[in-house]
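To start, the structure itself, in structure tokens.
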Amino acid sequence: MNERCQRPACTGTLEDGYCDVCGLAAVKSHKPQSTSQKQTTTPTGRSTPVTTGTGSSPLTNRSRGSRRTGSTSARSSRKQLGAGLISIPELPSTEPEKLILVEPNVPENKRFCGNCNNPLRREKGFCSKCGQKYSFRATLNPKDLIAEQYEVKGAIAYGGLGWIYLGFDNTLSRYIVLKGLLNSEDAASAAVAIAERKFLASVKHANIVGIYNFVNHGTEGFIVMEYVGGKTLKQIRKERGPLPAAEAIAYIHRILGAFAYLHAQGLAYCDFKPDNVMLEDNDVKLIDMGGVRRIDDPDGDIYGTVGYSAPEAGEGPTAVSDLYTIGRTLAVLLCDIKGFGSTHQYSLPSPQEEPLFAQQESLYRFLLKATTEKSDDRFQSADEMADQLLGVLREVVALETSTPRPTTSSLFGGDLLSLTAANDFAPIKPEFRHLPIPLLDATDPAFNAVMNASAIADLDRRVATLTQVTTQYPKSKEALLRLANSLIDLGGNYERLEKILGQVEENDPWDWRILWYRGRSRMAEGKAQEAKKAFDQVYFDLPGELTPKLAIALAAEQSRDFSFAIQMYNLVLRTDPSYVSAAFGLARCLVHKNDRKGAVAALEQVPQSSSLFTRSRVEVARILTSRGKSEPGMNELKNAATIVEAITLEGMERHQLSKQVLETALHLVTTKALPPTSKVTILGQPMEEVKLRLGLEKVLRSMAHLTLGDEKIQLVDEANRIRPKTLF
């Protein structure tokens with residue numbers, strides 16, 4: 001006996017799984033699987049905590065409200081693929097008609113209902129879950145003529161909205177692509193669908209496929225698009241496996257320009273994934289515009305793919321939900337993610353699971369920010385995202401090629417060590433004054449007033465002036481933040497400082513500058529561990545910036561976490577040696593680790609063009625002759641002497657350095673750590689006890705001539721003690 005149809009009010013029976021009255025498939029329960037689908041619900045977000053390779057976790061849910069505006073509005077440079085940092089492998093050219101499928105069909109494991117994502121067994125029929133009519137059969141055949149202009153060559157792919165066909169424009173003699181808009185029962189519905197999508201014709205961007213026309217054919221509507229040759233990122237990923245980090249980043253960085261353009265037009269792409277980016281002629285292009293929707297359209301269908309779509313995607317398209325799909329796509333290009341549509345549907349593998357994420361901390365932090373559960377915690381614009389991704393790309397390339405990739409930050413000023421270091425040649429210690437300051441926001445209402453006040457040298461006057469500016473411009477964040485910064489420099493009034501930062505935080509808890517100045521304040525207070533935590537959160541917000549990594553290193557060094565400080569200093573220095581404070585910091589930490597050779601190598605990276613070059617040579621001489629944890633050897637002693645003779649130092653500074661070198665040489669000879677020899681000279685003195693004593697005595701008496709009072713007497717006494725013993 002045939003089974004009765006279980007649908008309400010239907011009296012039919014099932015034949016071959018379909019009702020002979022209503023025509024619908026038998027009602028069955030199926031588990032949805034990952035595919036391109038219309039978004040109808042809001043999935044559950046990430047529930048497990050995130051920890052990076054350095055043991056840090058990003059701040060989330062900074063406010064109970066929703067994000068008002070992004071904290072940055074910088075524009076990124078995307079003039080070429082890879083931004084000139086890497087070369088992309090060239091692809092062989094492909095003749096368009098070689099893409100035509102001989103037997104176009106959709107495998108059963110890829111047949112899903114476009115309305116509810118239910119798996120489907122037959123090529124044509126009705127969905128057993130929602131009753132939607134469907135067909136996976138190609139409706140256009142070779143040589144069909146569409147709109148009396150476009151000749152169909154054949155089907156080339158199957159997308160979320162149906163078959164995609166290669167065609168030829170007989171009027172303009174060029175290949176085109178026909179993509180279905182709607183599989184409809186009547187021509188009127190197809191016409192409505194076309195009318196709703198004609199806004200796509202106004203989309204014009206070098207990295208977006210061109211839309212030529214919209215046509216009806218029977219009961220179907222089609223977009224007529226530019227033919228783009230080459231290969232999709234999905235094809236490249238399938239052929240080659242996980243892509244090199246720099247290459248994958250280059251593709252995504254380049255395509256972000258297309259998203260910035262779409263979002264500026266009030267459009268959301270909705271369903272971004274590797275399938276929808278084509279690499280052609282050493283550039284990338286967004287090729288599938290079928291799912292594009294107006295951001296302000298509450299009624300339009302929203303298409304997405306499980307594993308790529310943001311948790312909130314079903315609520316409506318936004319720029320931020322688009323950026324989520326970009327982050328997920330980059331992750332897929334970089335590594336194999338087990339459970340991409342299930343256990344890792346809204347999360348990433350840990351650095352313990354994925355070695356690349358352990359090797360490339362900044363890249364991992366970028367992906368975490370791009371794909372975090374709460375939309376307010378993500379990048380808020382494609383330009384902001386592109387700026388940070390470009391910084392990550394520079395870092396990745398620098399680490400992989402051992403070639404620095406410096407650039408000018410759009411958010412921070414330059415390294416302040418050369419301005420803040422004292423004029424004397426005392427050893428440089430880690431402190432908050434070395435930290436670069438965020439650049440002023442030119443759009444802030446108090447920009448000019450704050451800039452003028454910040455130029456006041458006297459700190460008390462500057463604080464008083466900035467206090468007046470905050471009263472005059474109550475909506476200015478810059479006035480409050482620069483007042484907070486000046487209070488840090490002034491020192492002492494940390495309670496007032498924290499109230500000011502709290503005032504900014506109340507209005508915009510996502511402004512990373514709050515954490516920056518809070519970290520700077522904690523360093524000034526001597527609370528290095530708290531400073532490190534604050535800077536670490538800035539690193540999550542700005543994974544492509546070097547300055548937060550420098551700040552973390554300084555705070556870690558101040559808290560005597562030398563291993564972590566070395567890691568961060570190295571990261572900064574290998575990417576951009578112009579951060580000379582990183583070179584000095586790295587050298588200090590390596591000295592603590594008793595790595596004299598590494599410390600010298602760090603200071604050797606200070607360029608001769610730097611105002612601190614001479615200072616770096618002085619530090620090298622000190623390190624080479626230091627007797628802190630181990631005795632220097634003969635070569636180190638000779639190198640230190642050579643440096644002292646070569647540097648352009650005069651007066652007391654030269655004498656002090658000469659004194660240290662000669663004292664070390666004398667100590668090594670008298671303790672028999674090194675044998676005496678007349679064949680080696682140190683600052684003009686043979687490596688013999690008597691000669692070294694004479695040389696050191698001369699230096700001490702020269703120092704005494706430059707001093708007065710008790711200091712002069714002490715130096716003369718020391719010279720008398722150090723001189724060789726004689727009978728007269």
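As shown in the structure tokens, the chain order sets the letters A, B, ...; within each chain, residues go from 1, and ligands are also counted from 1 in the order they appear.
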Residues of region 352-451 of chain A that approach region 579-584 of chain A to 10 Å or less, counting only C-alpha atoms: could you list each one with the shortest pair of atoms and its distance in Å to one decimal, rows by chain and increasing residue number, as a tab-separated table?
residue	atom	partner	partner_atom	distance
A:Pro406	CA	A:Tyr579	CA	9.5
A:Gly414	CA	A:Tyr579	CA	7.9
A:Asp415	CA	A:Tyr579	CA	5.6
A:Leu416	CA	A:Ser581	CA	8.0
A:Leu417	CA	A:Ser581	CA	5.8
A:Ser418	CA	A:Val580	CA	8.3
A:Ala421	CA	A:Ser581	CA	9.9
A:Pro427	CA	A:Phe584	CA	9.5
A:Ile428	CA	A:Phe584	CA	7.5
A:Lys429	CA	A:Phe584	CA	8.8
A:Pro430	CA	A:Ser581	CA	8.8
A:His434	CA	A:Ser581	CA	7.2
A:Leu435	CA	A:Ser581	CA	8.9
A:Pro436	CA	A:Tyr579	CA	10.0
Mind checking which residues fall within 9 Å of region 558-573 of chain A, counting only C-alpha atoms, ignoring those fewer than 4 positions away in the same chain, and posting them as a PyMOL selection string? chain A and resi 54+395+399+404+429-431+523+526-529+532+546-547+549-554+577-583+585-587+589-590+592-593+602+605
For those residues, write C-alpha atoms to a file as a CSV table (one decimal), in the first residue's frame.
chain,number,residue,atom,x,y,z
A,54,THR,CA,51.2,34.5,23.8
A,395,GLU,CA,55.2,41.9,9.1
A,399,LEU,CA,59.6,37.7,8.9
A,404,PRO,CA,62.5,44.9,6.8
A,429,LYS,CA,66.2,52.7,30.5
A,430,PRO,CA,62.6,51.6,29.5
A,431,GLU,CA,60.0,54.3,30.3
A,523,MET,CA,53.8,52.6,33.1
A,526,GLY,CA,55.3,51.9,37.8
A,527,LYS,CA,52.5,49.4,37.3
A,528,ALA,CA,54.2,47.6,34.4
A,529,GLN,CA,52.0,44.5,34.5
A,532,LYS,CA,51.2,45.4,29.6
A,546,LEU,CA,54.0,48.0,15.3
A,547,THR,CA,53.6,50.7,18.0
A,549,LYS,CA,54.0,45.7,20.1
A,550,LEU,CA,56.7,48.2,21.0
A,551,ALA,CA,54.6,49.3,24.0
A,552,ILE,CA,54.1,45.7,25.1
A,553,ALA,CA,57.8,45.1,24.9
A,554,LEU,CA,58.7,48.2,27.0
A,577,PRO,CA,64.4,49.1,12.1
A,578,SER,CA,63.6,52.8,12.3
A,579,TYR,CA,62.1,52.0,15.7
A,580,VAL,CA,65.5,52.5,17.4
A,581,SER,CA,63.9,52.3,20.8
A,582,ALA,CA,63.3,48.6,20.0
A,583,ALA,CA,67.0,48.1,19.2
A,585,GLY,CA,65.4,47.7,24.4
A,586,LEU,CA,66.3,44.4,22.7
A,587,ALA,CA,69.9,44.9,23.6
A,589,CYS,CA,67.0,42.4,27.5
A,590,LEU,CA,69.6,40.3,25.8
A,592,HIS,CA,70.0,40.3,31.1
A,593,LYS,CA,69.9,37.0,29.3
A,602,ALA,CA,70.6,44.4,18.0
A,605,GLN,CA,70.7,47.7,13.4
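Shortest separation to Thr465 (chain A) among A:Lys672, A:Arg693, A:Arg482, A:Lys204 occurs at residue A:Arg482, atoms counted being only C-alpha atoms.
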Selected residue of minimal separation from Ala382 (chain A) among A:His263, A:Ala449, A:His655, A:Thr470, counting only C-alpha atoms: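 Looking only at the distances to Ala382 (chain A), the closest residue turns out to be A:His263.
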Residues of region 218-378 of chain A classed as strand (DSSP E or B) by DSSP on the backbone are to be reported as a ChimeraX atom specification. /A:220-226,231-232,267-268,277-280,283-286,293-294,303-305
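Using only C-alpha atoms, the smallest distance between any of A:Glu711, A:Asp283, A:Asp271, A:Asp460 and Ile302 (chain A) comes from A:Asp271.
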Please, what distance in Å, to one decimal, runs between CA of Lys499 (chain A) and CA of Arg378 (chain A)? 26.5 Å
At what distance in Å, to one decimal, does CA of Thr139 (chain A) lie from CA of Lys273 (chain A)? 25.8 Å
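Here CA of Cys113 (chain A) is placed at a distance of 19.4 Å from CA of Phe272 (chain A).
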At a cut-off of 12 Å, using only C-alpha atoms, what residues contact Pro298 (chain A)? Leave out same-chain residues fewer than 5 positions from it and give the result as a ChimeraX atom specification. /A:293,314-318
Tell me which protein, DNA and RNA residues are within 6 Å of Arg723 (chain A), counting only C-alpha atoms, leaving out same-chain ones fewer than 2 positions away, and put them as a list in words.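 What passes the distance filter is Arg693, Leu694, Glu697, Asn720 and Arg721 of chain A.
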Which residue, A:Ala248, A:Val620, A:Leu696, A:Ile164, has the smallest gap to Gly684 (chain A) when you use only C-alpha atoms?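 Between A:Ala248, A:Val620, A:Leu696, A:Ile164, the residue approaching Gly684 (chain A) most closely is A:Leu696.
Residues in contact with Cys335 (chain A) at 12 Å, where only C-alpha atoms are counted and same-chain residues fewer than 2 positions away are skipped, are listed as Arg237, Lys238, Arg240, Gly241, Pro242, Leu243, Pro244, Ala245, Ala248, Arg328, Thr329, Leu330, Ala331, Val332, Leu333, Ile337, Lys338, Phe340, Leu348, Pro349, Ser350, Pro351, Glu353, Glu354, Pro355, Leu356, Phe357 and Tyr364 of chain A.
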Using only C-alpha atoms: which of A:Leu419, A:Leu515, A:Val277, A:Val463 has the shortest distance to Leu256 (chain A): A:Val277
